Every structure is written in structure tokens, then in C-alpha cells.
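Below is one structure, written out as C-alpha cells, with a few remarks after it.
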Amino acid sequence: MKKQKSLNLPATTTPSGPVECLGHQFASDAARREHFIALLREKLGDPAFRRTEGFPVADSDEDILRLSDPPYYTACPNPFLSDLVAHHGKRYKANDTYHRDPFAIDVSVGKSDALYKAHSYHTKVPHLAIVPSILHYTKPGEIVLDGFSGSGMTGVAALWCGAAPESYRQELEAKWKREGMQTPEWGTRQAVLNDLSPAATMITAGYTLPFDIEAFASRGQRLLDNVEESCGWMYETRHGDSRVKGRINYTVWSEVFTCPDCTSEVVFVEEALDKDTKHVRDEFPCPRCKATLTKKKLERFYESRFDAVLGESIKTPKRTPVLINYSVGESTFEKAPDADDLALIDKVAVLALPGEVPSQKLPYMHMTHERARLDDAGVTHVHHFFQHRAAVALAALWREANVEADTTQRRMLLWFAEQAIWGMSILARYAPTHYSQVNQYLNGVYYVGSQIVEVSPWYILDGKLSRLTKAFVRTKSPGSSAAITTGSCATLPLAFQSIDYIFTDPPFGENIYYADLNFLVEAWHRVRTDATPEAIVDQARKKGLNEYQELMRRCFEEYSRVLKPGRWMTVVFSNSSNGVWRAIQEAMGVAGFVVADVRTLDKQQGSYRQVTSSAVKQDLVISAYKPSEALEKKFVLGTTTEETAWAFVREHLSNVPKFVGRATEGEVISERTPQMLHDRMVAYHVQHGVGVPIGGPLFFAGLAQRFAERDGMYFLPEQVADYDRRRASVAEVKQLSLFVVDEASAIQWLRRELTSRPRSAQELTPVFMRELQSWAKHEQTIELRNLLRDNFLEYDGVPPVPSQIHRYLSTNFKELRNLSKEDPELVAKATGRWYVPDPNKALDLAKQRPFAKLLERALLREFEDYKTSKAKKLKLFRTESVRVGFKAAYDAKDYATIVSVAQKLPESVLQEDEKLLMYYDVASMRVGE
Ligand SMILES: C[S@@+](CC[C@H](N)C(=O)[O-])C[C@H]1O[C@@H](n2cnc3c(N)ncnc32)[C@H](O)[C@@H]1O
């Protein structure tokens, strides 16, 4: 029989014959697994391996081994990962001629796709959103990494590049053609997926490793049938007065409160739920004393019950069943629980809690003890999340899945069964306005409501099984091109320069507490996240924004280590605070990445917009590259000269977008503007810990000498023709919107205004005043006349008229056309107008230099005041002074001054100002050196 390779298996099958894996031949896939399980077991005995950052917390080694399928998946750091990558990837070669432009995607497409919905996770980026990005940046067979892979959608996308149906391919190819892009190279990419959470990598394994779908469909059905056989009696109810038995779909439980006036019991659902509108009423009468009640006024009623697992009495809010939804044949009915139903519930309640149900105490976590007080809801241990009947049924599901002999099928059955854990817990709320009561829990929190729906295993899983199998078949279930590891992204078991592309969606600040939320499912698997290195803001674990940024920096440094030079990383940033946005940018920069493009999708226009302001209210796609080895070498030597600055600018210009815009309108590409190029150049030097070899005015003059200028942007000589061609197809090139919040943005605004129309201060004043509406609160106000004096030039009436003004007047005034620069009429009209100095003109520079020097001195003087100020926090200051002061202190290696002044700034200002944060971070690292 022909031997099969274990990677790139045909979609829906697992091999039945001999297999090859990592260069070894095995008689069967089971033999392959046995071999690697034995190796992993041995490795688990190595204390140094166990100390790897992010190593999960397991009840026993066997629990880790039970989940794992080595070498492809381990529920701990994967000791075979770098071998897998070495075996399937290509070594980095310094003469690699790889080049790509940055690429933005719509992160919201594909949310209704059946494969996307096959297994839920707290947040997901759909695989269909990721596919175009992988196609753009990689070739078939190349290695794609996601170190925060969650449910593994990056892996599904990598596989989809090979498995996509013809209709999808045609549609994408047509779209790319319209956008002037080349046809993608279809074919599976190899995915390397890592997450800190075993619950996440378990989902990933289900999504990306091969399994026999048909066998899974029948085994899944058998699992449900067996559970029905053992637990069906717990879900029977009498249909009307007949002897016919109905099958319970769900039982609604209501919390019982007491009336604050008469202390009688109030069954919440019965009194507060409006049976017609199905909404909870704001006010309702007490059934006994008729006092007007609201949910807030009610008092919780606790009852004591003996918890056999804990061997003690516990207090829980009283809950009572109020409604049963059941089926007889194809028909569905509802009834109030009768005496038999209550007797049945009592009968189940005395059954011993099966051993499969986890019962450990909830550790102190933000989600269980701070965000919510779960002990108020009677939940102090994991088994308290379940009504007794639900716990017994879930345990039966778990047991049935675990007895499966075929390990791949066992993992898939657990993948299927674990999807009932949240939905069968008391987190599931009764939602009468919804048709289905499946998985009606609140996302992203542990919230126990006053109306709970206790669903049967079949109600939640029957439909799921058929949908799942269809989803996998429809998409031709992925082959095994994924390699999965569980641990911290800051310590990936991967070799230096082994990865071709990174797509990643890390946690953002304190949006979602993944480890806390994964705790419930992981308790069932008995392998839990080590939350210590979790990259989130989490007060319960004493992690603030600084700790988050530090963790992210280490993760990006690891990304930078394993990525090949000149290759790309796409980071998806979901709606969050500006501080978190800055922290991410800063962490990327310090780790050695250079951001080339930041975009957001404008849903209305159906196109991407660049994001330049610090206000981040939407999902962003950040494209960053790892600089080439040639450039990096220049910085490693540590002797930077003007030439290194220009080498950086050249590389950056080669990597940023060449044209941005829609059919009729182009956009100024912020990365190509002089200010942005200057800022990026400075940041690159500072982040490498070396001095900045060239100052602002020289840099701007040098830009103009070396590169081609178009619409206020700079291009490499070889890029200009392409830009000109695309520029000719649009009517205009639009300026980016700009908010005047401080001195720097005011200067930028004035530069724009005066470039398009040199004019007098008097004319400028009213327009300028209008712009000041967004001026930052902490920012010292600055007079327009001072801004003009320090940064621009005023024409004094001595001929000739500067060409900046001459150009404007002769194009806009008929009577001034074709006049020489000395013409008295022109001179008169030009006198008193302010204009932007031309960095190429020695005269302009000579006129401006004294003012620039004075300005710098004034700014430094002010910085000196901040430095010596006794105030703990500066309330009103000039950010530009702080920026200039930080730069001067950095050049003088006076890191202590940077740190001490930074500590006097309001936290929000420091966190949101890219430049200040950059100096502060570098200084904090070096302060004791
Ligand atoms: C936004 S989610 C990723 C979701 C993923 N894009 C998907 O579609 O399912 C972020 C993930 O990062 C993981 N995580 C947090 N800190 C981590 C760390 N230090 N190393 C690796 N993963 C981490 C969390 O467990 C979570 O699954």
C-alpha cells in the first residue's frame, strides 16, 4: 500500500494505512500517536520543561496526554513544534527576494459561515476574513503563525486557502483583478497555532486536525443515544391527563425573593414576567400585600442545603421550577410543573454527584469575585454552576465521550460535548422573546440571572451535531496542516527566523478575561490556563496597563525573533481605549516591528480608511514588517550616521502603500508625509537605543533632495510612475482629517492651510479659532502669532515675491497672471502673507533658523521648569516642550530626567502620546544602567 504523509491529508479522512511523520515511518496513525505520546510522557517528567512560561495547570500528566495528539497538538508547550516547522518549512535565505505591499482586510466578513459557528469562543476573527491576507502574504506550503490563536481561525484560514470551493476562488480572483492585484496562488499553508489556554487549543485542534467526519457523525449520534438511555428518565413528563410521556426540552427556574413589605415569597418569573409581551415588567404587585415591587426592591431569599461533595451545608438563592417545555413526537407543549415533575426533580437531587463533574473551589478571579460576586448566586465551587439534573446529564455525556477508544474521535466527541457546558449551566438565562433557548448565556461574563433555563442535552446538542457535520463536509474538512502548542506567546518553542507570516489578534487590555472565562470548561478537562503570563489588564491579578504593555512587548519580541526578516505581521486591534492602542504600538516598535499601515473599514463606503488619530473607536488592521537583515545590521553595529537614517527611510518607503483611495478620490498616505517619515525614523533609532543622526530641518531638506514628491508625499524613484498612473485615474487627492489638539497638530494644520493659500495672520485668525474646539484640556494655549513666527515666514515686501506666494497669486487672480516676481502689483498683494518655508531654499532656511533656535531654547526652558517643579502632577503644560525636553535628555543619556518628568504627567497623556511613551519606555529600561 502507498504510504501517506501525515500532513496534507485528504480532507475528510484520517489515514488507515502506514504513515510518515517527521521522517519516521509508522504502521498506522495510531502507532504514530503512541510513539509520540510516549515521548511526550517522558518529557513531562522533565522539571525544566514544566517550568516553561505558561505551562498549564493539570490535575495529572494523564489529563494533558488525554487531550494531546502529538506531534501535532499538545495541551502544553509542544516539544515537537520546531521539528515540525523545520520539516515542512523553508529555511530563511538572505538573498530571498520577497516583497509585498501592506494589505488590509474586513474583519467582520464570514460571521454567519457554518464553519465559523461550529464552535464558539469569547471573541473570534472569522477565517473567511483572514484568508485573503494569508493568500496575499504567503505562497502555498509557507508557515503562518498565530501566537494568540484562540479558537484557531487562523489555522482554518490557512487550510481554506487549499480547500476553498471554486465559487469562492472565482469571486476573490475577480475582486482582486478589479483592484489591480495579482491572482492569488491557491494551496494550503501550514499553520502554527499557540494559545495560553488549553480550552482554546482544544478548540483549535478540533477545527484543524483531520478526523473522519462520517465516523464522527455516527459516534456523536451514538453518544446522544447512550445518554438518552441512561438519563432519559430524568427528562420525562406527563402529557396532559394522558399516559403519554413527553420529553422535556427545557425547564424554566425562577429565583424566589421576599417582599420587603410583608416578607412573603415572590416567585420572580410568575410576578414580574408579562405573559403577553414576554418582557420583565419594571413594576409589579406583591402577590400577597399588593405593594408595588421592582426587582431592586426585592430581597434575595437564601435556603440552606447539604452539599454532599463538600460535606457541609451551603447557602443558595432559592430557585423553583415554573415552566416545562416538552415535545411529544414533532409537537411542542408547555406546562407548569406538576407533582410528578417536582417528585422527579427531588429524586434526581439525591443522586450522588458523578465523578466527572469538577468540584474545586473557584480561585479568586476578576470575573468571579470582582466583576460579579458569584458567591451571592450560590456559586463558590465549580459544581454549583449546575442544577443537579444538568450536572448528572453532562457527566454522562463526558463519560460517554471519554470511553471512546479511537483517540481522534474521543477528542472530537469532547469537542462536541464541551459545547453544552455553558448552555447547561445556570448561566443560561430564560429568554422568552427568543425562539430558541439554546446557549442563552451572556457573552464574556459569568452572570446568573433570576430566570434560568435548564435545557436537556438533546435540546442543545441534537441540531448541533447535524450542523457540525454538514459544516465540516461542506468546507471539505481541513487536512492536518496545523501544528498546535499551548503556552505563552512570549516563549514559543520555535526556531529563529522560521516563520513566513504572522496573523494575530491578541487580547486588548481589559476587554475580555480569557483565562477566567475558560476556567469553567477547563475544569471539566482538568487542564487549566496558567493565567500568570496572560496579556490582559487584570486588577485581580495586579496587572495594569504597564504590565500589559510589558507582556505584549515580550510577545512581540518573540514574534520578531521567529519571523523571517522582511516578512509581515498583521495585527487585528478591536475596539478599545486609546491607552491600550498606544501600548500595543509601543510594544511593537520596541520589539523591532515597523508599522507600515493602519486601516479601518468604512462600512458605508465599503472601503478602508487610514487611521492616524489616537481616537480608536473601531476595529483596526495594523500591517507591520520586520526590517530586512541588511538594515538591521547597520543598527547592530551601533554606529549610526545620516546614511542609516536614509537607509531606513528607503526601506520604509518601499513597504508602505503606494496608493490609497477609491474610484474617484485618492488619499494622502500618512506614512509618506514628511512629518510621519521623520517620526518613524526617530522612533526606529530610539527603539534601537542609538542616537538620532539627523535633526528635523536637515531631514526635511534631505527628503526633498533624495525622493520624488507628489501631493505632499514622498516616493522612491521606482514608485513614482505607478503613483502617477493611479493618480491620473482620480479627480483629487484628499487630505487626511486632522484635529488641532496641541501645538504639533496646530503647526501641521497651519502648514496645510498656508500651502494651499498663503495669507495674513488676520485672515487666518477666525478659521484658526474654530479649529481650537478640540484643544486638549491639559495643553497650554499658544498664540497664533507665536506659532506663525516660530514655524513659518512672513513676506516683508522686499522683492522678489517668494515662489510659494507667487504660485498661489498667479493661479488664483487673473490680473496677477504672468507678472514677474518683482512686479509692484504682485509685491503689494503678497506683502504680509505668511507662507511655508521651502526646505530646499537656503534663503528660507536662513530666515527661519534664528526663530527655530529661539523656539527650541524656549521649549527647553519650559521643560526645565517641569523638571524642577515640586508639583506631584503637572496640570497644564506644553506637550511640545516635554517632547523636545525628552529628546534632549535622551541624546544626553539622562534617562532619570525623562522618568521623573514622565511621572509628573497625567497617566492618560503619557499613555496616549506615541512619542512621549517611546522615550519614557526606553528611559525606564535604561535608567539604572
Ligand atoms: C482575542 S483572543 C483570540 C481569538 C482568535 N482570534 C479567534 O478567532 O478565536 C486572544 C487570545 O489570547 C490568549 N492569550 C492571552 N495571553 C496570552 C499569552 N501570553 N500567550 C498566548 N496566548 C495568550 C487568550 O487565551 C485568547 O484566547
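Each chain in the C-alpha cells gets a letter, A, B and so on, in the order shown; residues start at 1 in every chain, and ligands are counted from 1 in the order they appear.
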Backbone DSSP call of helix (DSSP H, G or I) for region 683-839 of chain A, listed as a PyMOL selection string: chain A and resi 683-687+696-706+717-727+743-756+761-774+784-791+803-812+814-816+824-830
Find the residues around region 871-876 of chain A up to 8 Å (only C-alpha atoms counted), leave out those fewer than 5 positions away in its own chain, and share them as a short mmCIF file (atom, residue, chain, number, x, y, z; two decimals) with all heavy atoms, in the first residue's frame.
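For reference, result_30.cif as written:
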data_model
loop_
_atom_site.label_atom_id
_atom_site.label_comp_id
_atom_site.auth_asym_id
_atom_site.auth_seq_id
_atom_site.Cartn_x
_atom_site.Cartn_y
_atom_site.Cartn_z
N LYS A 777 -7.32 69.49 27.14
CA LYS A 777 -7.52 70.23 28.40
C LYS A 777 -6.20 70.57 29.09
O LYS A 777 -6.05 71.66 29.64
CB LYS A 777 -8.36 69.37 29.35
CG LYS A 777 -9.83 69.57 29.20
CD LYS A 777 -10.53 69.16 30.51
CE LYS A 777 -11.99 68.89 30.25
NZ LYS A 777 -12.24 67.52 29.77
N HIS A 778 -5.27 69.64 29.07
CA HIS A 778 -4.02 69.84 29.81
C HIS A 778 -3.04 70.72 29.03
O HIS A 778 -2.00 71.08 29.55
CB HIS A 778 -3.36 68.50 30.09
CG HIS A 778 -3.00 67.80 28.81
ND1 HIS A 778 -3.82 66.87 28.23
CD2 HIS A 778 -1.94 67.93 27.99
CE1 HIS A 778 -3.26 66.45 27.11
NE2 HIS A 778 -2.12 67.08 26.94
N GLU A 779 -3.38 71.06 27.80
CA GLU A 779 -2.42 71.71 26.90
C GLU A 779 -2.44 73.22 27.08
O GLU A 779 -3.50 73.85 26.96
CB GLU A 779 -2.80 71.33 25.46
CG GLU A 779 -1.74 71.59 24.45
CD GLU A 779 -0.48 70.76 24.63
OE1 GLU A 779 -0.58 69.55 24.88
OE2 GLU A 779 0.61 71.35 24.52
N GLN A 780 -1.26 73.77 27.33
CA GLN A 780 -1.15 75.23 27.48
C GLN A 780 -1.53 75.89 26.15
O GLN A 780 -1.12 75.41 25.09
CB GLN A 780 0.30 75.52 27.78
CG GLN A 780 0.55 76.86 28.36
CD GLN A 780 2.03 76.93 28.72
OE1 GLN A 780 2.52 76.16 29.54
NE2 GLN A 780 2.74 77.82 28.07
N TYR A 866 9.45 72.22 34.28
CA TYR A 866 8.72 71.00 34.66
C TYR A 866 9.61 70.08 35.48
O TYR A 866 9.18 69.43 36.41
CB TYR A 866 8.24 70.22 33.42
CG TYR A 866 7.41 71.04 32.45
CD1 TYR A 866 7.39 70.73 31.09
CD2 TYR A 866 6.62 72.10 32.90
CE1 TYR A 866 6.64 71.47 30.20
CE2 TYR A 866 5.88 72.85 32.01
CZ TYR A 866 5.89 72.54 30.67
OH TYR A 866 5.16 73.28 29.80
N GLN A 903 6.72 60.92 35.22
CA GLN A 903 5.86 60.59 36.35
C GLN A 903 5.01 61.78 36.81
O GLN A 903 4.03 61.61 37.52
CB GLN A 903 6.71 60.04 37.49
CG GLN A 903 7.03 58.58 37.20
CD GLN A 903 8.18 58.04 38.02
OE1 GLN A 903 8.83 58.80 38.75
NE2 GLN A 903 8.45 56.76 37.87
N LYS A 904 5.40 62.99 36.38
CA LYS A 904 4.58 64.16 36.76
C LYS A 904 3.45 64.40 35.76
O LYS A 904 2.60 65.26 35.95
CB LYS A 904 5.47 65.40 36.80
CG LYS A 904 6.44 65.40 37.95
CD LYS A 904 7.23 66.69 37.96
CE LYS A 904 8.47 66.53 38.81
NZ LYS A 904 9.39 67.64 38.65
N LEU A 905 3.48 63.69 34.63
CA LEU A 905 2.44 63.90 33.62
C LEU A 905 1.20 63.07 33.96
O LEU A 905 1.34 61.98 34.52
CB LEU A 905 2.94 63.46 32.24
CG LEU A 905 4.19 64.16 31.71
CD1 LEU A 905 4.58 63.57 30.35
CD2 LEU A 905 3.95 65.66 31.56
N PRO A 906 0.02 63.56 33.59
CA PRO A 906 -1.16 62.72 33.81
C PRO A 906 -0.98 61.41 33.05
O PRO A 906 -0.49 61.41 31.92
CB PRO A 906 -2.31 63.54 33.21
CG PRO A 906 -1.78 64.93 33.09
CD PRO A 906 -0.30 64.84 32.98
#
Please, which residues have at least one atom within 8 Å of an atom of ligand 1, using only C-alpha atoms and all ligand atoms, listed as a ChimeraX atom specification? /A:54,121-127,147-154,194-197,200,486-490,504-508,512,514-515,518,531,533-536,551-552,555
Using DSSP on the backbone, list every residue of region 71-252 of chain A that comes out as strand (DSSP E or B), and give them as a ChimeraX atom specification. /A:73,143-146,190-195,236-238,245-252
Compile the contact shell of region 101-115 of chain A as a short mmCIF file (atom, residue, chain, number, x, y, z; two decimals) with N, CA and C atoms, in the first residue's frame: residues with an atom at most 9 Å away, counting only C-alpha atoms, same-chain residues fewer than 2 positions apart removed.
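Output contents, as saved in out-v1.cif:
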data_model
loop_
_atom_site.label_atom_id
_atom_site.label_comp_id
_atom_site.auth_asym_id
_atom_site.auth_seq_id
_atom_site.Cartn_x
_atom_site.Cartn_y
_atom_site.Cartn_z
N HIS A 99 8.79 40.39 -1.61
CA HIS A 99 8.29 41.75 -1.40
C HIS A 99 6.77 41.77 -1.50
N LYS A 117 -19.23 29.10 12.92
CA LYS A 117 -20.13 28.91 14.06
C LYS A 117 -20.05 27.51 14.67
N ALA A 118 -19.20 26.64 14.08
CA ALA A 118 -19.17 25.24 14.54
C ALA A 118 -18.77 25.12 16.01
N HIS A 119 -17.92 26.04 16.48
CA HIS A 119 -17.57 26.05 17.91
C HIS A 119 -17.40 27.50 18.32
N LYS A 124 -13.94 36.07 18.19
CA LYS A 124 -13.34 35.34 17.06
C LYS A 124 -13.18 36.26 15.87
N VAL A 125 -12.11 36.06 15.12
CA VAL A 125 -11.99 36.70 13.81
C VAL A 125 -12.31 35.60 12.79
N PRO A 126 -13.34 35.76 11.99
CA PRO A 126 -13.74 34.66 11.11
C PRO A 126 -12.63 34.27 10.13
N HIS A 127 -12.55 32.97 9.87
CA HIS A 127 -11.49 32.50 8.96
C HIS A 127 -11.61 33.14 7.58
N LEU A 128 -12.85 33.41 7.14
CA LEU A 128 -13.01 34.00 5.80
C LEU A 128 -12.46 35.42 5.73
N ALA A 129 -12.36 36.07 6.89
CA ALA A 129 -11.74 37.41 6.91
C ALA A 129 -10.23 37.30 6.78
N ILE A 130 -9.67 36.20 7.24
CA ILE A 130 -8.21 36.05 7.29
C ILE A 130 -7.65 35.51 5.97
N PRO A 132 -7.91 36.13 2.69
CA PRO A 132 -7.25 36.98 1.70
C PRO A 132 -5.87 37.44 2.15
N SER A 133 -5.75 37.68 3.45
CA SER A 133 -4.48 38.16 3.97
C SER A 133 -3.40 37.08 3.82
N HIS A 136 -2.41 36.75 0.24
CA HIS A 136 -1.60 37.89 -0.21
C HIS A 136 -0.14 37.76 0.22
N TYR A 137 0.07 37.41 1.49
CA TYR A 137 1.43 37.47 2.03
C TYR A 137 2.25 36.19 1.83
N VAL A 156 -7.71 27.60 10.41
CA VAL A 156 -8.77 27.23 9.46
C VAL A 156 -8.57 28.01 8.16
N TYR A 207 -10.78 21.99 15.18
CA TYR A 207 -11.00 22.68 13.91
C TYR A 207 -9.99 22.31 12.84
N ARG A 467 -25.53 20.07 12.22
CA ARG A 467 -24.95 21.30 11.65
C ARG A 467 -23.43 21.19 11.56
N LEU A 468 -22.88 20.60 12.62
CA LEU A 468 -21.42 20.45 12.66
C LEU A 468 -20.90 19.60 11.53
N LYS A 470 -22.33 18.83 8.80
CA LYS A 470 -22.54 19.48 7.49
C LYS A 470 -21.47 20.55 7.26
N ALA A 471 -21.17 21.33 8.29
CA ALA A 471 -20.19 22.42 8.14
C ALA A 471 -18.85 21.86 7.72
N PHE A 472 -18.44 20.79 8.36
CA PHE A 472 -17.13 20.24 8.02
C PHE A 472 -17.13 19.62 6.63
N ARG A 474 -19.16 20.42 4.11
CA ARG A 474 -19.35 21.46 3.11
C ARG A 474 -18.01 22.15 2.78
N THR A 475 -17.22 22.33 3.81
CA THR A 475 -15.97 23.03 3.56
C THR A 475 -14.85 22.03 3.32
N TRP A 568 5.99 39.94 7.00
CA TRP A 568 4.92 40.78 7.55
C TRP A 568 4.18 40.17 8.72
N THR A 570 0.29 40.89 10.55
CA THR A 570 -0.98 41.63 10.60
C THR A 570 -1.52 41.51 12.02
N VAL A 572 -4.75 42.46 14.39
CA VAL A 572 -6.11 42.99 14.41
C VAL A 572 -6.32 43.61 15.78
N ALA A 596 3.54 49.90 8.94
CA ALA A 596 3.54 50.49 7.60
C ALA A 596 2.15 51.00 7.23
N ASP A 597 1.13 50.52 7.93
CA ASP A 597 -0.22 50.89 7.52
C ASP A 597 -1.20 50.55 8.64
N VAL A 598 -2.12 51.48 8.93
CA VAL A 598 -3.18 51.20 9.89
C VAL A 598 -4.49 51.58 9.22
N ARG A 599 -5.38 50.63 9.12
CA ARG A 599 -6.64 50.94 8.42
C ARG A 599 -7.85 50.44 9.21
N THR A 600 -8.95 51.04 8.86
CA THR A 600 -10.22 50.57 9.39
C THR A 600 -11.18 50.52 8.22
N LEU A 601 -12.17 49.65 8.35
CA LEU A 601 -13.10 49.54 7.23
C LEU A 601 -14.22 50.57 7.40
N TYR A 608 -11.44 51.02 2.80
CA TYR A 608 -10.66 51.16 4.02
C TYR A 608 -10.17 52.59 4.19
N ASP A 619 -12.61 48.70 14.73
CA ASP A 619 -11.63 47.63 14.57
C ASP A 619 -10.55 48.09 13.61
N LEU A 620 -9.31 47.91 13.99
CA LEU A 620 -8.20 48.35 13.15
C LEU A 620 -7.42 47.15 12.63
N VAL A 621 -6.85 47.31 11.46
CA VAL A 621 -5.95 46.29 10.93
C VAL A 621 -4.58 46.95 10.79
N ILE A 622 -3.61 46.45 11.55
CA ILE A 622 -2.28 47.04 11.55
C ILE A 622 -1.35 46.14 10.74
N SER A 623 -0.68 46.71 9.76
CA SER A 623 0.30 45.93 8.99
C SER A 623 1.68 46.41 9.38
N ALA A 624 2.50 45.50 9.88
CA ALA A 624 3.86 45.87 10.30
C ALA A 624 4.84 44.88 9.69
N TYR A 625 6.05 45.36 9.40
CA TYR A 625 7.03 44.45 8.83
C TYR A 625 8.25 44.36 9.74
N SER A 654 9.65 51.67 0.70
CA SER A 654 9.40 50.52 -0.18
C SER A 654 8.28 49.65 0.37
N ASN A 655 7.99 49.79 1.67
CA ASN A 655 6.99 48.92 2.30
C ASN A 655 5.63 49.55 2.54
N VAL A 656 5.51 50.87 2.45
CA VAL A 656 4.21 51.47 2.76
C VAL A 656 3.36 51.52 1.48
N PRO A 657 2.03 51.66 1.64
CA PRO A 657 1.17 51.60 0.45
C PRO A 657 1.58 52.65 -0.58
N LYS A 658 1.38 52.30 -1.84
CA LYS A 658 1.74 53.25 -2.90
C LYS A 658 0.58 54.15 -3.26
#
Region 713-725 of chain A: which residues within 12 Å, counting only C-alpha atoms, same-chain residues fewer than 4 positions away excluded, as a VMD selection string? chain A and resid 101 180 646 to 647 649 to 661 666 to 678 700 702 to 709 729 to 730 733 735
Tell me, as a PyMOL selection string, which residues lie within 9 Å of Thr368 (chain A), counting only C-alpha atoms; anything in the same chain fewer than 6 positions away does not count. chain A and resi 362+374-375+379-380+445-446+516
Between CA of Arg878 (chain A) and CA of Ala858 (chain A), what is the distance, to one decimal in Å?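 Answer for the CA of Arg878 (chain A) to CA of Ala858 (chain A) separation: 11.0 Å.
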Of A:Thr644, A:Ser574, A:Ser737, A:Asn786, the one nearest to Asn511 (chain A) when counting only C-alpha atoms is A:Ser574
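Excluding Pro358 (chain A) itself and same-chain residues fewer than 5 positions from it, the residues having an atom within 6 Å of it are A:Val382, A:His383, A:Ala523, A:Trp524, counting only C-alpha atoms.
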Between CA of Tyr920 (chain A) and CA of Asn578 (chain A), what is the distance, to one decimal in Å? 17.1 Å
Proximity to Glu34 (chain A) - best of A:Asp406, A:Asp838, A:Gly206, A:Tyr895, only C-alpha atoms: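 Between A:Asp406, A:Asp838, A:Gly206, A:Tyr895, the residue approaching Glu34 (chain A) most closely is A:Asp406.
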With a distance cut-off of 7 Å and only C-alpha atoms, select the neighbouring residues of Ala199 (chain A), excluding the residue or stretch itself and same-chain residues fewer than 4 positions from it, and output the selection as number ranges by chain. A: 203, 518, 521-522
Residue nearest Val595 (chain A) - candidates A:Asp679, A:Glu763, A:Asp61, A:Glu815, atoms counted: only C-alpha atoms: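 The shortest atom-to-atom distance to Val595 (chain A) comes from A:Asp679.
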